[in-house]
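Structure first, then comments.
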Amino acid sequence: RTRSGLKDPKRPMGSFIFLGPTGVGKTELAKNLAQVMTKFTKKEWGLQNYSMNQFKEAHSVSRMIGTSAGYVGFGGKALYDASRGGKPQVYAFNEFDKTHPDVVESNMEVFSEGKVQLGDNSEIDLRGNTIILMTTNLPINMEEYNSATPFMKKEMCRDIMANHFGRPEIAGKITHALAFQELSDATRLDIIEKFVEEILENYDIEVDYIDKPLSVELVRMMKLTKYGARGIKDALGTALSHYTAYRGKMDDLAGKRVRLYGSPDHIRLEPCA
């Protein structure tokens, strides 16, 4: 829409709400979006990634927009300072449902007008150079969602946020909404392989393949953890660090392709012929 000229010139390029369980890729998508926008627009996009656990209290509004003159904290950095001078930014607000209603209220002008009045009375223009992503783990009826029309899917997501905060007007200020599905086994295995490759890359080791029994167990473990991708990433990191500590130096495997075998708690590496 932005590229075709159909975007609303009075709003940010987009405000998105992503619903879904923990560990299905909501935050990861937000992180990757800045890189995609940099490539797409040929301009450097920054990423401002925030856990909204930091904004549970009413007084945390000052962290969002800054403190007014005469109050403690005046002159300190505000959340939206990164956009001064028109610098393109992606703002990722993780677990937005945990935000205090006063903080939500302070963002209403941002969502609807594309600008923010800071505590020092300066104004930052976010129109045309800002994308705001909000993630939440609030439950949604996926059976009903999957059978709904695109319009009703968006309405369901926006209604969940509006009802949670008791603010119906929120729904009209969120331009895009999406619910993330549970991961398939094939996707889980892709994620596991990606994490293993990232960890072993530190030792200049390439992954050839993961033995079937081990991959099956790792996928099963990922299903069981309530933390999704985060949970399995931690487990893989721990298992592989234990192996490197047990084995000692990894120099003899550097530059080689290996297969992984064993169990999730006792992963082993073997160079491929």
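As shown in the structure tokens, the chain order sets the letters A, B, ...; within each chain, residues go from 1, and ligands are also counted from 1 in the order they appear.
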Requested in this report: Just list the residues in range 73-165 of chain A DSSP gives alpha helix (DSSP H) on the backbone, as a ChimeraX atom specification.
Outcome: /A:101-113,142-147,150-165
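Running DSSP on the backbone and keeping only strand (DSSP E), the residues of range 60-214 of chain A that qualify are Gln89, Val90, Tyr91, Ala92, Phe93, Asn94, Lys115, Val116, Gln117, Glu123, Ile124, Asp125, Thr130, Ile131, Ile132, Leu133, Met134, Thr135, Thr136, His176, Ala177, Leu178, Ala179, Glu206, Val207, Asp208, Tyr209 and Ile210 of chain A.
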Requested in this report: Quick one: everything within 9 Å of Ile140 in chain A, counting only C-alpha atoms, minus sequence neighbours fewer than 2 positions away in the same chain. Send it as a PyMOL selection string.
Outcome: chain A and resi 19-20+137-138+142-145+156-157+160+179
If you keep all heavy atoms, can you produce a file of those selected residues as a PDB file, in the first residue's frame?
```pdb
ATOM      1  N   LEU A  19      -0.811 -11.698  17.342  1.00  0.00           N
ATOM      2  CA  LEU A  19      -1.265 -12.554  18.420  1.00  0.00           C
ATOM      3  C   LEU A  19      -0.728 -13.961  18.212  1.00  0.00           C
ATOM      4  O   LEU A  19      -0.445 -14.376  17.081  1.00  0.00           O
ATOM      5  CB  LEU A  19      -2.795 -12.601  18.490  1.00  0.00           C
ATOM      6  CG  LEU A  19      -3.521 -11.350  18.965  1.00  0.00           C
ATOM      7  CD1 LEU A  19      -3.835 -10.421  17.804  1.00  0.00           C
ATOM      8  CD2 LEU A  19      -4.806 -11.718  19.702  1.00  0.00           C
ATOM      9  N   GLY A  20      -0.626 -14.709  19.293  1.00  0.00           N
ATOM     10  CA  GLY A  20      -0.188 -16.094  19.181  1.00  0.00           C
ATOM     11  C   GLY A  20       0.596 -16.528  20.399  1.00  0.00           C
ATOM     12  O   GLY A  20       1.066 -15.695  21.181  1.00  0.00           O
ATOM     13  N   ASN A 137       0.468 -12.440  23.800  1.00  0.00           N
ATOM     14  CA  ASN A 137       0.122 -13.849  23.968  1.00  0.00           C
ATOM     15  C   ASN A 137      -1.337 -14.031  24.371  1.00  0.00           C
ATOM     16  O   ASN A 137      -1.734 -15.124  24.793  1.00  0.00           O
ATOM     17  CB  ASN A 137       1.023 -14.489  25.046  1.00  0.00           C
ATOM     18  CG  ASN A 137       2.492 -14.455  24.665  1.00  0.00           C
ATOM     19  OD1 ASN A 137       2.830 -14.484  23.493  1.00  0.00           O
ATOM     20  ND2 ASN A 137       3.357 -14.372  25.655  1.00  0.00           N
ATOM     21  N   LEU A 138      -2.141 -12.973  24.270  1.00  0.00           N
ATOM     22  CA  LEU A 138      -3.553 -13.102  24.608  1.00  0.00           C
ATOM     23  C   LEU A 138      -4.188 -14.199  23.759  1.00  0.00           C
ATOM     24  O   LEU A 138      -3.928 -14.292  22.559  1.00  0.00           O
ATOM     25  CB  LEU A 138      -4.282 -11.775  24.366  1.00  0.00           C
ATOM     26  CG  LEU A 138      -3.954 -10.628  25.330  1.00  0.00           C
ATOM     27  CD1 LEU A 138      -4.619  -9.345  24.858  1.00  0.00           C
ATOM     28  CD2 LEU A 138      -4.394 -10.968  26.752  1.00  0.00           C
ATOM     29  N   MET A 142      -8.463 -20.170  17.579  1.00  0.00           N
ATOM     30  CA  MET A 142      -7.865 -20.382  16.270  1.00  0.00           C
ATOM     31  C   MET A 142      -8.801 -21.113  15.318  1.00  0.00           C
ATOM     32  O   MET A 142      -8.728 -20.904  14.099  1.00  0.00           O
ATOM     33  CB  MET A 142      -6.556 -21.164  16.418  1.00  0.00           C
ATOM     34  CG  MET A 142      -5.425 -20.361  17.045  1.00  0.00           C
ATOM     35  SD  MET A 142      -5.097 -18.757  16.231  1.00  0.00           S
ATOM     36  CE  MET A 142      -4.651 -19.283  14.577  1.00  0.00           C
ATOM     37  N   GLU A 143      -9.685 -21.947  15.827  1.00  0.00           N
ATOM     38  CA  GLU A 143     -10.637 -22.635  14.945  1.00  0.00           C
ATOM     39  C   GLU A 143     -11.565 -21.613  14.288  1.00  0.00           C
ATOM     40  O   GLU A 143     -11.816 -21.657  13.082  1.00  0.00           O
ATOM     41  CB  GLU A 143     -11.450 -23.658  15.745  1.00  0.00           C
ATOM     42  CG  GLU A 143     -12.392 -24.479  14.890  1.00  0.00           C
ATOM     43  CD  GLU A 143     -13.125 -25.560  15.678  1.00  0.00           C
ATOM     44  OE1 GLU A 143     -12.750 -25.805  16.844  1.00  0.00           O
ATOM     45  OE2 GLU A 143     -14.072 -26.142  15.126  1.00  0.00           O
ATOM     46  N   GLU A 144     -12.047 -20.682  15.100  1.00  0.00           N
ATOM     47  CA  GLU A 144     -12.913 -19.628  14.574  1.00  0.00           C
ATOM     48  C   GLU A 144     -12.114 -18.693  13.660  1.00  0.00           C
ATOM     49  O   GLU A 144     -12.608 -18.273  12.603  1.00  0.00           O
ATOM     50  CB  GLU A 144     -13.515 -18.835  15.736  1.00  0.00           C
ATOM     51  CG  GLU A 144     -14.479 -17.744  15.313  1.00  0.00           C
ATOM     52  CD  GLU A 144     -15.044 -16.987  16.500  1.00  0.00           C
ATOM     53  OE1 GLU A 144     -14.927 -17.484  17.645  1.00  0.00           O
ATOM     54  OE2 GLU A 144     -15.606 -15.895  16.281  1.00  0.00           O
ATOM     55  N   TYR A 145     -10.896 -18.402  14.050  1.00  0.00           N
ATOM     56  CA  TYR A 145     -10.049 -17.505  13.258  1.00  0.00           C
ATOM     57  C   TYR A 145      -9.770 -18.095  11.876  1.00  0.00           C
ATOM     58  O   TYR A 145      -9.863 -17.397  10.855  1.00  0.00           O
ATOM     59  CB  TYR A 145      -8.744 -17.250  14.007  1.00  0.00           C
ATOM     60  CG  TYR A 145      -7.743 -16.387  13.269  1.00  0.00           C
ATOM     61  CD1 TYR A 145      -7.809 -14.993  13.351  1.00  0.00           C
ATOM     62  CD2 TYR A 145      -6.721 -16.957  12.505  1.00  0.00           C
ATOM     63  CE1 TYR A 145      -6.884 -14.187  12.684  1.00  0.00           C
ATOM     64  CE2 TYR A 145      -5.799 -16.162  11.831  1.00  0.00           C
ATOM     65  CZ  TYR A 145      -5.886 -14.787  11.923  1.00  0.00           C
ATOM     66  OH  TYR A 145      -4.977 -14.004  11.260  1.00  0.00           O
ATOM     67  N   MET A 156     -11.319  -9.807  14.688  1.00  0.00           N
ATOM     68  CA  MET A 156     -11.134 -10.633  15.881  1.00  0.00           C
ATOM     69  C   MET A 156      -9.896 -10.195  16.659  1.00  0.00           C
ATOM     70  O   MET A 156      -9.936 -10.040  17.881  1.00  0.00           O
ATOM     71  CB  MET A 156     -11.002 -12.111  15.488  1.00  0.00           C
ATOM     72  CG  MET A 156     -12.287 -12.789  15.059  1.00  0.00           C
ATOM     73  SD  MET A 156     -11.990 -14.506  14.561  1.00  0.00           S
ATOM     74  CE  MET A 156     -11.448 -15.211  16.135  1.00  0.00           C
ATOM     75  N   CYS A 157      -8.791 -10.006  15.942  1.00  0.00           N
ATOM     76  CA  CYS A 157      -7.537  -9.613  16.597  1.00  0.00           C
ATOM     77  C   CYS A 157      -7.661  -8.247  17.255  1.00  0.00           C
ATOM     78  O   CYS A 157      -7.240  -8.046  18.399  1.00  0.00           O
ATOM     79  CB  CYS A 157      -6.396  -9.604  15.583  1.00  0.00           C
ATOM     80  SG  CYS A 157      -5.983 -11.218  14.885  1.00  0.00           S
ATOM     81  N   ILE A 160      -9.837  -8.292  20.426  1.00  0.00           N
ATOM     82  CA  ILE A 160      -9.171  -8.869  21.597  1.00  0.00           C
ATOM     83  C   ILE A 160      -8.368  -7.802  22.329  1.00  0.00           C
ATOM     84  O   ILE A 160      -8.412  -7.694  23.563  1.00  0.00           O
ATOM     85  CB  ILE A 160      -8.271 -10.054  21.178  1.00  0.00           C
ATOM     86  CG1 ILE A 160      -9.148 -11.268  20.829  1.00  0.00           C
ATOM     87  CG2 ILE A 160      -7.287 -10.414  22.289  1.00  0.00           C
ATOM     88  CD1 ILE A 160      -8.379 -12.425  20.241  1.00  0.00           C
ATOM     89  N   ALA A 179      -2.920 -13.337  13.524  1.00  0.00           N
ATOM     90  CA  ALA A 179      -2.726 -14.363  14.551  1.00  0.00           C
ATOM     91  C   ALA A 179      -1.771 -15.423  14.014  1.00  0.00           C
ATOM     92  O   ALA A 179      -1.929 -15.892  12.884  1.00  0.00           O
ATOM     93  CB  ALA A 179      -4.058 -14.995  14.931  1.00  0.00           C
TER      94      ALA A 179
END
```
Requested in this report: Tell me, in Å to one decimal, how far CA of Leu79 in chain A is from CA of Trp45 in chain A.
Outcome: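 That distance, rounded to one decimal, is 16.0 Å.
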List the neighbours of range 21-25 of chain A out to 12 Å using only C-alpha atoms; skip same-chain residues closer than 6 positions along the sequence, and give me the result as a tab-separated table (two decimals) with all heavy atoms, in the first residue's frame.
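This went into out_39.tsv:
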```
chain	number	residue	atom	x	y	z
A	31	LYS	N	12.09	-8.40	14.34
A	31	LYS	CA	13.52	-8.14	14.22
A	31	LYS	C	13.97	-8.16	12.76
A	31	LYS	O	14.79	-7.34	12.33
A	31	LYS	CB	14.31	-9.18	15.02
A	31	LYS	CG	14.16	-9.04	16.52
A	31	LYS	CD	14.94	-10.14	17.24
A	31	LYS	CE	14.83	-10.00	18.74
A	31	LYS	NZ	15.55	-11.09	19.46
A	32	ASN	N	13.42	-9.09	11.99
A	32	ASN	CA	13.83	-9.22	10.59
A	32	ASN	C	13.25	-8.12	9.71
A	32	ASN	O	13.80	-7.83	8.64
A	32	ASN	CB	13.41	-10.59	10.04
A	32	ASN	CG	14.21	-11.72	10.63
A	32	ASN	OD1	15.35	-11.53	11.04
A	32	ASN	ND2	13.63	-12.90	10.69
A	94	ASN	N	6.96	-5.81	22.57
A	94	ASN	CA	6.66	-7.19	22.90
A	94	ASN	C	5.79	-7.29	24.15
A	94	ASN	O	6.01	-6.58	25.12
A	94	ASN	CB	7.96	-7.97	23.10
A	94	ASN	CG	8.81	-7.96	21.85
A	94	ASN	OD1	8.40	-8.46	20.82
A	94	ASN	ND2	10.01	-7.39	21.94
A	95	GLU	N	4.81	-8.20	24.10
A	95	GLU	CA	3.83	-8.39	25.18
A	95	GLU	C	3.13	-7.06	25.51
A	95	GLU	O	3.07	-6.63	26.66
A	95	GLU	CB	4.52	-8.98	26.42
A	95	GLU	CG	5.08	-10.37	26.18
A	95	GLU	CD	5.66	-10.99	27.43
A	95	GLU	OE1	6.69	-10.48	27.92
A	95	GLU	OE2	5.09	-11.98	27.92
A	135	THR	N	3.26	-7.25	19.92
A	135	THR	CA	2.98	-8.68	20.05
A	135	THR	C	2.25	-8.94	21.37
A	135	THR	O	2.39	-8.18	22.33
A	135	THR	CB	4.28	-9.52	20.03
A	135	THR	OG1	4.99	-9.36	21.26
A	135	THR	CG2	5.17	-9.11	18.86
A	136	THR	N	1.48	-10.00	21.38
A	136	THR	CA	0.75	-10.38	22.59
A	136	THR	C	0.51	-11.88	22.60
A	136	THR	O	0.37	-12.50	21.54
A	136	THR	CB	-0.60	-9.64	22.68
A	136	THR	OG1	-1.32	-10.13	23.82
A	136	THR	CG2	-1.45	-9.86	21.44
A	137	ASN	N	0.47	-12.44	23.80
A	137	ASN	CA	0.12	-13.85	23.97
A	137	ASN	C	-1.34	-14.03	24.37
A	137	ASN	O	-1.73	-15.12	24.79
A	137	ASN	CB	1.02	-14.49	25.05
A	137	ASN	CG	2.49	-14.46	24.67
A	137	ASN	OD1	2.83	-14.48	23.49
A	137	ASN	ND2	3.36	-14.37	25.66
A	138	LEU	N	-2.14	-12.97	24.27
A	138	LEU	CA	-3.55	-13.10	24.61
A	138	LEU	C	-4.19	-14.20	23.76
A	138	LEU	O	-3.93	-14.29	22.56
A	138	LEU	CB	-4.28	-11.78	24.37
A	138	LEU	CG	-3.95	-10.63	25.33
A	138	LEU	CD1	-4.62	-9.35	24.86
A	138	LEU	CD2	-4.39	-10.97	26.75
A	139	PRO	N	-5.03	-15.05	24.36
A	139	PRO	CA	-5.59	-16.19	23.62
A	139	PRO	C	-6.58	-15.77	22.55
A	139	PRO	O	-7.29	-14.77	22.69
A	139	PRO	CB	-6.28	-17.01	24.72
A	139	PRO	CG	-6.59	-16.01	25.80
A	139	PRO	CD	-5.47	-15.02	25.77
A	140	ILE	N	-6.61	-16.55	21.48
A	140	ILE	CA	-7.57	-16.34	20.41
A	140	ILE	C	-8.08	-17.71	19.96
A	140	ILE	O	-7.34	-18.69	19.97
A	140	ILE	CB	-6.92	-15.59	19.22
A	140	ILE	CG1	-7.96	-15.30	18.13
A	140	ILE	CG2	-5.73	-16.32	18.67
A	140	ILE	CD1	-7.46	-14.37	17.04
A	141	ASN	N	-9.35	-17.78	19.62
A	141	ASN	CA	-9.95	-19.02	19.15
A	141	ASN	C	-9.47	-19.29	17.72
A	141	ASN	O	-9.99	-18.72	16.77
A	141	ASN	CB	-11.48	-18.92	19.19
A	141	ASN	CG	-12.17	-20.23	18.84
A	141	ASN	OD1	-11.71	-20.99	17.99
A	141	ASN	ND2	-13.29	-20.49	19.50
A	142	MET	N	-8.46	-20.17	17.58
A	142	MET	CA	-7.86	-20.38	16.27
A	142	MET	C	-8.80	-21.11	15.32
A	142	MET	O	-8.73	-20.90	14.10
A	142	MET	CB	-6.56	-21.16	16.42
A	142	MET	CG	-5.42	-20.36	17.04
A	142	MET	SD	-5.10	-18.76	16.23
A	142	MET	CE	-4.65	-19.28	14.58
A	179	ALA	N	-2.92	-13.34	13.52
A	179	ALA	CA	-2.73	-14.36	14.55
A	179	ALA	C	-1.77	-15.42	14.01
A	179	ALA	O	-1.93	-15.89	12.88
A	179	ALA	CB	-4.06	-14.99	14.93
A	180	PHE	N	-0.78	-15.79	14.81
A	180	PHE	CA	0.21	-16.78	14.41
A	180	PHE	C	-0.28	-18.18	14.78
A	180	PHE	O	-0.77	-18.41	15.89
A	180	PHE	CB	1.55	-16.51	15.09
A	180	PHE	CG	2.36	-15.42	14.44
A	180	PHE	CD1	1.83	-14.15	14.26
A	180	PHE	CD2	3.64	-15.67	14.00
A	180	PHE	CE1	2.57	-13.15	13.65
A	180	PHE	CE2	4.40	-14.68	13.39
A	180	PHE	CZ	3.86	-13.42	13.22
A	181	GLN	N	-0.10	-19.12	13.85
A	181	GLN	CA	-0.49	-20.51	14.07
A	181	GLN	C	0.55	-21.23	14.93
A	181	GLN	O	1.70	-20.82	15.02
A	181	GLN	CB	-0.62	-21.24	12.73
A	181	GLN	CG	-1.48	-20.54	11.70
A	181	GLN	CD	-2.96	-20.74	11.95
A	181	GLN	OE1	-3.36	-21.60	12.72
A	181	GLN	NE2	-3.79	-19.95	11.29
A	182	GLU	N	0.13	-22.35	15.51
A	182	GLU	CA	1.08	-23.25	16.14
A	182	GLU	C	2.05	-23.76	15.07
A	182	GLU	O	1.67	-23.94	13.91
A	182	GLU	CB	0.36	-24.44	16.79
A	182	GLU	CG	-0.31	-24.12	18.10
A	182	GLU	CD	0.67	-24.06	19.27
A	182	GLU	OE1	1.88	-24.32	19.04
A	182	GLU	OE2	0.24	-23.74	20.38
A	183	LEU	N	3.29	-24.00	15.42
A	183	LEU	CA	4.28	-24.45	14.46
A	183	LEU	C	4.05	-25.90	14.07
A	183	LEU	O	3.68	-26.74	14.90
A	183	LEU	CB	5.68	-24.30	15.06
A	183	LEU	CG	6.10	-22.88	15.46
A	183	LEU	CD1	7.47	-22.92	16.13
A	183	LEU	CD2	6.10	-21.95	14.27
A	184	SER	N	4.29	-26.21	12.80
A	184	SER	CA	4.23	-27.60	12.34
A	184	SER	C	5.55	-28.29	12.71
A	184	SER	O	6.55	-27.64	13.01
A	184	SER	CB	4.05	-27.65	10.82
A	184	SER	OG	5.19	-27.13	10.16
A	187	THR	N	8.35	-27.19	10.45
A	187	THR	CA	8.87	-25.85	10.80
A	187	THR	C	9.72	-25.93	12.06
A	187	THR	O	10.76	-25.27	12.16
A	187	THR	CB	7.70	-24.88	11.02
A	187	THR	OG1	6.92	-24.81	9.81
A	187	THR	CG2	8.20	-23.49	11.38
A	188	ARG	N	9.28	-26.73	13.02
A	188	ARG	CA	10.08	-26.89	14.24
A	188	ARG	C	11.47	-27.42	13.91
A	188	ARG	O	12.48	-26.96	14.45
A	188	ARG	CB	9.37	-27.84	15.22
A	188	ARG	CG	8.12	-27.26	15.86
A	188	ARG	CD	7.59	-28.20	16.94
A	188	ARG	NE	6.44	-27.63	17.62
A	188	ARG	CZ	5.17	-27.91	17.31
A	188	ARG	NH1	4.91	-28.77	16.34
A	188	ARG	NH2	4.18	-27.35	17.97
A	191	ILE	N	13.65	-24.77	12.43
A	191	ILE	CA	14.12	-23.84	13.47
A	191	ILE	C	15.27	-24.47	14.26
A	191	ILE	O	16.28	-23.81	14.54
A	191	ILE	CB	12.96	-23.46	14.40
A	191	ILE	CG1	11.95	-22.59	13.64
A	191	ILE	CG2	13.47	-22.73	15.64
A	191	ILE	CD1	10.68	-22.33	14.39
A	222	MET	N	10.54	-29.67	21.68
A	222	MET	CA	10.08	-28.33	21.33
A	222	MET	C	8.56	-28.24	21.48
A	222	MET	O	8.03	-27.18	21.82
A	222	MET	CB	10.51	-27.99	19.91
A	222	MET	CG	10.28	-26.53	19.53
A	222	MET	SD	11.09	-26.13	17.96
A	222	MET	CE	10.50	-24.45	17.75
A	223	LYS	N	7.85	-29.34	21.21
A	223	LYS	CA	6.40	-29.36	21.39
A	223	LYS	C	6.03	-29.23	22.86
A	223	LYS	O	5.04	-28.59	23.22
A	223	LYS	CB	5.81	-30.67	20.86
A	223	LYS	CG	5.66	-30.76	19.36
A	223	LYS	CD	5.02	-32.10	19.01
A	223	LYS	CE	4.77	-32.24	17.54
A	223	LYS	NZ	4.16	-33.55	17.20
A	224	LEU	N	6.85	-29.83	23.72
A	224	LEU	CA	6.54	-29.88	25.14
A	224	LEU	C	6.81	-28.58	25.87
A	224	LEU	O	6.11	-28.23	26.82
A	224	LEU	CB	7.32	-31.02	25.81
A	224	LEU	CG	6.94	-32.44	25.39
A	224	LEU	CD1	7.87	-33.45	26.04
A	224	LEU	CD2	5.50	-32.74	25.77
A	225	THR	N	7.84	-27.85	25.42
A	225	THR	CA	8.17	-26.62	26.13
A	225	THR	C	7.14	-25.54	25.84
A	225	THR	O	6.72	-25.36	24.70
A	225	THR	CB	9.58	-26.10	25.75
A	225	THR	OG1	9.79	-24.85	26.38
A	225	THR	CG2	9.71	-25.91	24.24
A	226	LYS	N	6.73	-24.84	26.87
A	226	LYS	CA	5.74	-23.77	26.69
A	226	LYS	C	6.39	-22.50	26.16
A	226	LYS	O	5.71	-21.51	25.89
A	226	LYS	CB	5.03	-23.49	28.01
A	226	LYS	CG	5.92	-22.99	29.13
A	226	LYS	CD	5.11	-22.76	30.40
A	226	LYS	CE	5.99	-22.27	31.55
A	226	LYS	NZ	5.21	-22.04	32.78
A	227	TYR	N	7.72	-22.52	26.01
A	227	TYR	CA	8.43	-21.35	25.51
A	227	TYR	C	8.79	-21.46	24.03
A	227	TYR	O	9.51	-20.63	23.50
A	227	TYR	CB	9.70	-21.11	26.34
A	227	TYR	CG	9.40	-20.92	27.80
A	227	TYR	CD1	9.75	-21.88	28.73
A	227	TYR	CD2	8.72	-19.80	28.24
A	227	TYR	CE1	9.46	-21.72	30.08
A	227	TYR	CE2	8.41	-19.63	29.59
A	227	TYR	CZ	8.79	-20.60	30.49
A	227	TYR	OH	8.49	-20.44	31.82
A	228	GLY	N	8.29	-22.51	23.36
A	228	GLY	CA	8.46	-22.64	21.92
A	228	GLY	C	9.91	-22.60	21.48
A	228	GLY	O	10.77	-23.29	22.03
A	229	ALA	N	10.18	-21.76	20.47
A	229	ALA	CA	11.53	-21.68	19.90
A	229	ALA	C	12.56	-21.24	20.94
A	229	ALA	O	13.70	-21.69	20.92
A	229	ALA	CB	11.52	-20.73	18.71
A	230	ARG	N	12.15	-20.34	21.84
A	230	ARG	CA	13.09	-19.87	22.87
A	230	ARG	C	13.54	-21.04	23.75
A	230	ARG	O	14.71	-21.14	24.12
A	230	ARG	CB	12.45	-18.79	23.73
A	230	ARG	CG	12.14	-17.51	22.99
A	230	ARG	CD	11.69	-16.43	23.96
A	230	ARG	NE	11.18	-15.26	23.25
A	230	ARG	CZ	9.91	-15.06	22.95
A	230	ARG	NH1	9.01	-15.95	23.28
A	230	ARG	NH2	9.53	-13.97	22.31
A	231	GLY	N	12.60	-21.89	24.11
A	231	GLY	CA	12.91	-23.01	24.98
A	231	GLY	C	13.90	-23.98	24.35
A	231	GLY	O	14.86	-24.41	24.99
A	232	ILE	N	13.68	-24.31	23.07
A	232	ILE	CA	14.57	-25.28	22.42
A	232	ILE	C	15.93	-24.65	22.14
A	232	ILE	O	16.96	-25.33	22.17
A	232	ILE	CB	13.94	-25.83	21.12
A	232	ILE	CG1	14.67	-27.10	20.67
A	232	ILE	CG2	13.93	-24.80	20.02
A	232	ILE	CD1	14.53	-28.27	21.61
A	233	LYS	N	15.96	-23.35	21.89
A	233	LYS	CA	17.24	-22.68	21.66
A	233	LYS	C	18.11	-22.75	22.92
A	233	LYS	O	19.31	-23.02	22.83
A	233	LYS	CB	17.02	-21.23	21.26
A	233	LYS	CG	18.29	-20.48	20.90
A	233	LYS	CD	18.01	-19.08	20.40
A	233	LYS	CE	19.28	-18.40	19.93
A	233	LYS	NZ	19.01	-17.04	19.39
A	234	ASP	N	17.50	-22.54	24.07
A	234	ASP	CA	18.24	-22.63	25.33
A	234	ASP	C	18.74	-24.05	25.57
A	234	ASP	O	19.88	-24.26	26.00
A	234	ASP	CB	17.35	-22.20	26.50
A	234	ASP	CG	17.05	-20.70	26.49
A	234	ASP	OD1	17.77	-19.97	25.79
A	234	ASP	OD2	16.09	-20.29	27.17
```
Report as a tab-separated table the residues of range 94-135 of chain A within 10 Å of range 49-69 of chain A, each with its shortest atom pair and distance in Å (one decimal), using only C-alpha atoms, ordered by chain and increasing residue number.
```
residue	atom	partner	partner_atom	distance
A:Asn94	CA	A:Ser51	CA	4.9
A:Glu95	CA	A:Met52	CA	5.7
A:Phe96	CA	A:Met52	CA	5.6
A:Asp97	CA	A:Met52	CA	8.0
A:Lys98	CA	A:Asn53	CA	6.1
A:Thr99	CA	A:Lys56	CA	5.0
A:His100	CA	A:Lys56	CA	4.7
A:Pro101	CA	A:Ala58	CA	7.6
A:Asp102	CA	A:Ala58	CA	5.8
A:Val103	CA	A:Val61	CA	5.1
A:Val104	CA	A:Val61	CA	8.8
A:Glu105	CA	A:Val61	CA	9.2
A:Ser106	CA	A:Val61	CA	7.1
A:Asn107	CA	A:Met64	CA	8.6
A:Val116	CA	A:Ile65	CA	7.7
A:Gln117	CA	A:Ile65	CA	7.2
A:Leu118	CA	A:Ile65	CA	4.7
A:Gly119	CA	A:Ser68	CA	4.3
A:Asp120	CA	A:Ser68	CA	5.4
A:Asn121	CA	A:Ser68	CA	7.7
A:Leu133	CA	A:Asn49	CA	9.5
A:Met134	CA	A:Met52	CA	9.5
A:Thr135	CA	A:Met52	CA	9.6
```
For those residues, write N, CA and C atoms to a file as a tab-separated table (two decimals), in the first residue's frame.
```tsv
chain	number	residue	atom	x	y	z
A	94	ASN	N	6.96	-5.81	22.57
A	94	ASN	CA	6.66	-7.19	22.90
A	94	ASN	C	5.79	-7.29	24.15
A	95	GLU	N	4.81	-8.20	24.10
A	95	GLU	CA	3.83	-8.39	25.18
A	95	GLU	C	3.13	-7.06	25.51
A	96	PHE	N	2.60	-6.46	24.48
A	96	PHE	CA	1.96	-5.15	24.61
A	96	PHE	C	0.77	-5.20	25.57
A	97	ASP	N	0.18	-6.37	25.75
A	97	ASP	CA	-0.97	-6.49	26.64
A	97	ASP	C	-0.62	-6.20	28.09
A	98	LYS	N	0.68	-6.23	28.42
A	98	LYS	CA	1.11	-5.97	29.80
A	98	LYS	C	1.34	-4.48	30.06
A	99	THR	N	1.13	-3.67	29.02
A	99	THR	CA	1.36	-2.23	29.14
A	99	THR	C	0.27	-1.57	29.98
A	100	HIS	N	0.67	-0.60	30.80
A	100	HIS	CA	-0.32	0.13	31.60
A	100	HIS	C	-1.24	0.94	30.67
A	101	PRO	N	-2.54	1.02	30.97
A	101	PRO	CA	-3.48	1.77	30.12
A	101	PRO	C	-3.04	3.20	29.84
A	102	ASP	N	-2.37	3.84	30.79
A	102	ASP	CA	-1.90	5.22	30.57
A	102	ASP	C	-0.83	5.27	29.48
A	103	VAL	N	-0.02	4.22	29.41
A	103	VAL	CA	1.00	4.15	28.37
A	103	VAL	C	0.34	3.91	27.02
A	104	VAL	N	-0.70	3.08	27.02
A	104	VAL	CA	-1.46	2.85	25.78
A	104	VAL	C	-2.06	4.17	25.31
A	105	GLU	N	-2.62	4.92	26.24
A	105	GLU	CA	-3.23	6.21	25.91
A	105	GLU	C	-2.20	7.15	25.28
A	106	SER	N	-0.98	7.13	25.79
A	106	SER	CA	0.05	8.03	25.26
A	106	SER	C	0.44	7.67	23.83
A	107	ASN	N	0.10	6.44	23.42
A	107	ASN	CA	0.43	6.00	22.06
A	107	ASN	C	-0.71	6.21	21.07
A	116	VAL	N	4.21	12.32	17.71
A	116	VAL	CA	4.22	12.18	19.16
A	116	VAL	C	4.75	13.47	19.78
A	117	GLN	N	4.03	13.96	20.79
A	117	GLN	CA	4.44	15.14	21.54
A	117	GLN	C	5.23	14.67	22.75
A	118	LEU	N	6.49	15.03	22.82
A	118	LEU	CA	7.34	14.58	23.92
A	118	LEU	C	7.25	15.51	25.12
A	119	GLY	N	7.80	15.05	26.24
A	119	GLY	CA	7.71	15.80	27.48
A	119	GLY	C	8.39	17.15	27.42
A	120	ASP	N	9.40	17.30	26.53
A	120	ASP	CA	10.10	18.58	26.43
A	120	ASP	C	9.42	19.52	25.43
A	121	ASN	N	8.17	19.16	25.04
A	121	ASN	CA	7.35	19.96	24.12
A	121	ASN	C	7.81	19.91	22.66
A	133	LEU	N	5.13	-2.45	15.66
A	133	LEU	CA	4.67	-3.83	15.83
A	133	LEU	C	4.42	-4.11	17.30
A	134	MET	N	3.26	-4.67	17.59
A	134	MET	CA	2.92	-5.05	18.96
A	134	MET	C	2.63	-6.54	18.99
A	135	THR	N	3.26	-7.25	19.92
A	135	THR	CA	2.98	-8.68	20.05
A	135	THR	C	2.25	-8.94	21.37
```
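Proximity ranking of A:Gly237, A:Pro264, A:Pro88, A:Pro271 relative to Leu200 in chain A places A:Gly237 first, based on only C-alpha atoms.
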Query - Within 9 Å of Met108 in chain A using only C-alpha atoms, minus same-chain residues under 5 positions, as a count of residues only - result: 4
Query - Contacts of Leu47 in chain A within 8 Å, only C-alpha atoms, excl. fewer than 6 positions in-chain, as a list in words - result: Lys31, Ala34, Gln89, Val90, Tyr91 and Ala92 of chain A
